[in-house]
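Visitor: Input: one structure, supplied below.
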There are 2 protein chains.
Amino acid sequence: MNFKESHTLILNNVSRFINLTELEKQKYISLLTEVKVVKRGFLMQAGEVAKYEYFITKGCLKVYTLDDDGAPHISMFAIEDYWTGDLSSFMTKKSSRYYIRATEDSELLGISRANYDLLFQEIPKFERFYRILYQKSLISYIGRSNYGISLTAEERYIEFKKKYPQIINRITQKDLAGYIGITPEFMSKIISKVNRM
Amino acid sequence: MNFKESHTLILNNVSRFINLTELEKQKYISLLTEVKVVKRGFLMQAGEVAKYEYFITKGCLKVYTLDDDGAPHISMFAIEDYWTGDLSSFMTKKSSRYYIRATEDSELLGISRANYDLLFQEIPKFERFYRILYQKSLISYIGRSNYGISLTAEERYIEFKKKYPQIINRITQKDLAGYIGITPEFMSKIISKVNRM
DNA sequence: TAAAAGTCTTAAACTAGTTCATTTTTTTTC
DNA sequence: GAAAAAAAATGAACTAGTTTAAGACTTTTA
């Protein structure tokens with residue numbers, strides 16, 4: 001059997017941590033659902049329960065909440081080879097506070113909650129896969145946990161630019177401001193200052 | 001066989017997510033090391049490699065970094081029935097940026113990196129235990145990831161008070177300021193303001 | 001139990017970041 | 001490819017949080 005391009009991408013991602021037999025690969029792929037979202041389309045909206053966890057095979061999306069004043073707070077940008085979704089809502093089946101919206105035409109592979117649970121029964125190796133995946137995500141979130149309160153906005157911008165050069169050119173300055181946690185006006189000032197340096 | 005009080009505590013913690021046989025329990029306990037730290041003592045210091053991940057059976061500790069000006073940024077307080085350590089350093093074996101210091105006389109159970117790896121071979125069920133543990137931690141870190149940039153210091157204080165009433169009476173106002181991400185002076189103003197309300 | 005060290009409070013002068021308003025530039029849509 | 005809509009730039013007046021300094025209170029140590 002040979003797999004589609006998107007299937008090869010996700011199987012390569014999984015094979016970073018566990019080895020699957022051909023049969024297991026087919027089984028895994030059979031549990032996934034293909035999803036497309038056009039630019040500015042919503043993958044999910046606040047108030048819904050997260051039905052899927054997603055792996056991105058093409059495109060770019062932003063995950064954000066709206067505060068009481070309706071101002072967006074972007075918690076992540078996700079591109080090809082990243083996982084995204086609202087893990088909390090997905091696990092608890094409670095309604096989500098998050099919006100996920102494509103900033104480019106995007107393609108994803110989703111796994112439903114039922115299939116996620118089934119996966120551990122059918123291929124217990126996936127306990128290990130997710131153990132390592134969550135461990136790595138956790139390490140990265142722990143590392144960032146203090147950055148909002150201990151760095152200035154300018155330092156957070158410089159760090160983002162260094163860490164995610166492949167993302168910074170694909171998003172608007174306004175969305176970047178929503179991620180850094182400042183107003184678009186102040187973002188504009190910082191960028192012109194840093195570029196002048 | 002019967003277990004010590006601290007062993008019962010950690011076995012209860014583990015049994016939230018997986019069931020162990022008596023033999024597995026004994027095996028697990030045999031992989032742990034008991035550690036005591038007196039008030040103001042260090043469990044680890046920046047520059048060291050994290051040799052253990054810890055489960056707290058008694059006491060209270062603070063995990064923090066020092067910034068370039070020597071000001072402490074506290075990333076967590078940990079009390080009985082919590083896990084602590086520097087997961088990044090523990091996994092990568094690179095030197096840590098963190099200090100972990102007891103704010104009360106404390107007792108912990110540590111697992112070394114070698115025993116952590118062995119654990120998955122000997123009792124594969126622990127892949128599931130850590131998958132769920134890390135998933136829950138991750139959900140809580142994701143939930144907090146925007147709180148430093150989207151809430152005011154006063155809102156962060158009120159939230160901390162509501163969420164961790166059992167911790168707030170065990171730490172100094174100065175350490176709380178280091179966690180909230182403000183100066184002790186401003187912390188003092190906020191507390192007197194909130195209490196006046 | 002006295003001295004030393006650390007913690008907490010208060011206040012005045014300062015700075016990083018916001019708000020609001022206007023203009024210019026870029027992107028989207030028909 | 002023109003009109004409309006959205007994003008970016010700039011500037012002036014404002015606010016949340018910092019800095020520095022000094023005195024009062026509490027905890028630790030010898």
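FYI, nothing fancy with the structure tokens labels: chains A, B, ... in order, residues from 1 per chain, ligands from 1 as they appear.
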Identify, on the basis of only C-alpha atoms (C1' of nucleotides), every residue whose closest approach to DA5 of chain C does not exceed 10 Å; exclude the query and any residue fewer than 3 positions from it along the same chain; express the result as a ChimeraX atom specification.
Guide: /D:27-29
Visitor: Using the selection just defined, write its residues with C-alpha atoms (C1' of nucleotides) as a compact mmCIF listing (two decimals), in the first residue's frame.
Guide:
```
# COMPACT_ATOMS: atom_id res chain seq x y z
C1' DT D 27 11.32 36.33 62.28
C1' DT D 28 15.76 34.20 62.87
C1' DT D 29 20.04 33.45 65.08
```
Visitor: I'd like to know which residues of chain B are helix (DSSP H, G or I) (by DSSP, run on the backbone); could you write them as a ChimeraX atom specification?
Guide: /B:5-14,22-30,87-92,113-122,125-144,147-150,153-163,165-168,173-180,184-196
Visitor: Within 9 Å of chain D, which residues of chain A are there when counting only C-alpha atoms (C1' of nucleotides)? Please give them as an NGL selection string.
Guide: :A and (172-174 or 184-185 or 188-189)
Visitor: Would you please extract all strand (DSSP E or B) residues from segment 21-105 of chain B, as assigned by DSSP on the backbone, and give them as an MDAnalysis selection string?
Guide: chainID B and resid 32:37 42:44 49 52:58 60:66 72:79 83:84 95 99:102
Visitor: For a quick test of understanding: name the residues of chain C lying within 12 Å of chain A when counting only C-alpha atoms (C1' of nucleotides), and present them as a PyMOL selection string.
Guide: chain C and resi 15-20+26-27
Visitor: Next, the residues of the selection above should be written as a CSV table (one decimal), in the first residue's frame with N, CA, C and O atoms (P, O5', C5', C4', C3', O3' and C1' of nucleotides).
Guide:
```
chain,number,residue,atom,x,y,z
C,15,DT,P,12.4,57.6,33.4
C,15,DT,O5',11.5,56.4,33.0
C,15,DT,C5',11.9,55.1,33.5
C,15,DT,C4',10.9,54.1,32.9
C,15,DT,C3',10.8,54.1,31.4
C,15,DT,O3',10.6,52.8,30.9
C,15,DT,C1',8.7,54.4,32.4
C,16,DA,P,11.0,52.3,29.5
C,16,DA,O5',9.9,51.1,29.3
C,16,DA,C5',9.7,50.2,30.4
C,16,DA,C4',8.3,49.6,30.2
C,16,DA,C3',8.0,49.2,28.8
C,16,DA,O3',7.3,48.0,28.9
C,16,DA,C1',6.4,50.8,29.5
C,17,DG,P,6.7,47.1,27.7
C,17,DG,O5',5.3,47.7,27.5
C,17,DG,C5',4.2,47.3,28.4
C,17,DG,C4',3.0,48.2,28.1
C,17,DG,C3',2.4,48.0,26.7
C,17,DG,O3',1.1,47.6,26.8
C,17,DG,C1',2.5,50.3,27.4
C,18,DT,P,0.0,47.6,25.7
C,18,DT,O5',-0.9,48.9,26.1
C,18,DT,C5',-1.5,48.9,27.4
C,18,DT,C4',-2.6,50.0,27.5
C,18,DT,C3',-3.7,49.9,26.4
C,18,DT,O3',-4.9,50.1,27.1
C,18,DT,C1',-2.6,52.0,26.3
C,19,DT,P,-6.3,50.0,26.3
C,19,DT,O5',-6.7,51.4,25.9
C,19,DT,C5',-6.8,52.5,26.8
C,19,DT,C4',-7.0,53.8,26.1
C,19,DT,C3',-8.0,53.7,24.9
C,19,DT,O3',-9.0,54.6,25.2
C,19,DT,C1',-6.1,54.8,24.3
C,20,DC,P,-10.5,54.7,24.4
C,20,DC,O5',-10.3,56.0,23.5
C,20,DC,C5',-9.6,57.2,24.0
C,20,DC,C4',-9.3,58.1,22.8
C,20,DC,C3',-10.2,57.9,21.6
C,20,DC,O3',-10.4,59.2,21.1
C,20,DC,C1',-7.9,57.7,20.9
C,26,DT,P,2.6,49.9,0.8
C,26,DT,O5',1.5,48.9,1.1
C,26,DT,C5',1.5,48.2,2.3
C,26,DT,C4',0.3,47.3,2.4
C,26,DT,C3',0.2,46.3,1.2
C,26,DT,O3',0.2,45.0,1.7
C,26,DT,C1',-1.9,47.4,1.5
C,27,DT,P,0.0,43.7,0.8
C,27,DT,O5',-1.6,43.5,1.0
C,27,DT,C5',-2.1,43.2,2.3
C,27,DT,C4',-3.6,43.0,2.1
C,27,DT,C3',-4.0,41.9,1.1
C,27,DT,O3',-4.8,41.0,1.8
C,27,DT,C1',-5.2,43.8,0.6
```
Visitor: Return as a PyMOL selection string the residues belonging to chain B that are within 7 Å of chain A, counting only C-alpha atoms.
Guide: chain B and resi 75+87-88+127-128+130-131+134-135+138-139+141+145-146+148-150+181
Visitor: Could you state the separation of atom CA of Phe160 of chain A and atom CA of Ile56 of chain A in Å, given to one decimal place?
Guide: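 Spanning atom CA of Phe160 of chain A to atom CA of Ile56 of chain A is a straight-line distance of 20.7 Å.
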Visitor: What does the structure give for the distance between atom CA of Glu5 of chain A and atom CA of Trp83 of chain A, in Å to one decimal?
Guide: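 Those two atoms sit 16.9 Å apart.
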Visitor: Would you pick out the contacts of Arg113 of chain B at 9 Å or less, using only C-alpha atoms (C1' of nucleotides), so that residues sharing its chain but fewer than 6 positions from it are not included, and give the list as a VMD selection string?
Guide: chain B and resid 50 to 53 90 to 91
Visitor: Write out as a compact mmCIF listing (two decimals) with N, CA and C atoms, in the first residue's frame the residues lying within 9 Å of segment 191-197 of chain B, counting only C-alpha atoms (C1' of nucleotides) and excluding same-chain residues fewer than 5 positions away.
Guide:
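Saved file selection-v4.txt follows:
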```txt
# COMPACT_ATOMS: atom_id res chain seq x y z
N GLU B 154 -3.58 42.80 39.56
CA GLU B 154 -4.66 42.64 40.54
C GLU B 154 -5.54 41.43 40.20
N TYR B 157 -3.70 38.26 41.05
CA TYR B 157 -3.72 38.02 42.50
C TYR B 157 -5.04 37.42 42.94
N ILE B 158 -6.14 38.01 42.49
CA ILE B 158 -7.47 37.52 42.87
C ILE B 158 -7.66 36.08 42.40
N PHE B 186 4.46 46.82 44.99
CA PHE B 186 3.17 46.90 44.30
C PHE B 186 2.24 45.79 44.81
```
Visitor: Write out as a list in words the residues lying within 6 Å of Tyr54 of chain B, counting only C-alpha atoms (C1' of nucleotides) and excluding same-chain residues fewer than 2 positions away.
Guide: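 My list of contacting residues is Trp83, Thr84, Gly85, Leu109 and Gly110 of chain B.
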Visitor: Could you list, as number ranges by chain, every residue within 12 Å of Asn19 of chain B, counting only C-alpha atoms (C1' of nucleotides) and ignoring same-chain residues fewer than 2 positions away?
Guide: B: 11-17, 21-25, 123-126, 128-129
Visitor: Quick check, in Å to one decimal: how far apart do atom CA of Ala102 of chain B and atom CA of Thr33 of chain B lie?
Guide: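 Taking atom CA of Ala102 of chain B as the start and atom CA of Thr33 of chain B as the end point, the length is 17.6 Å.
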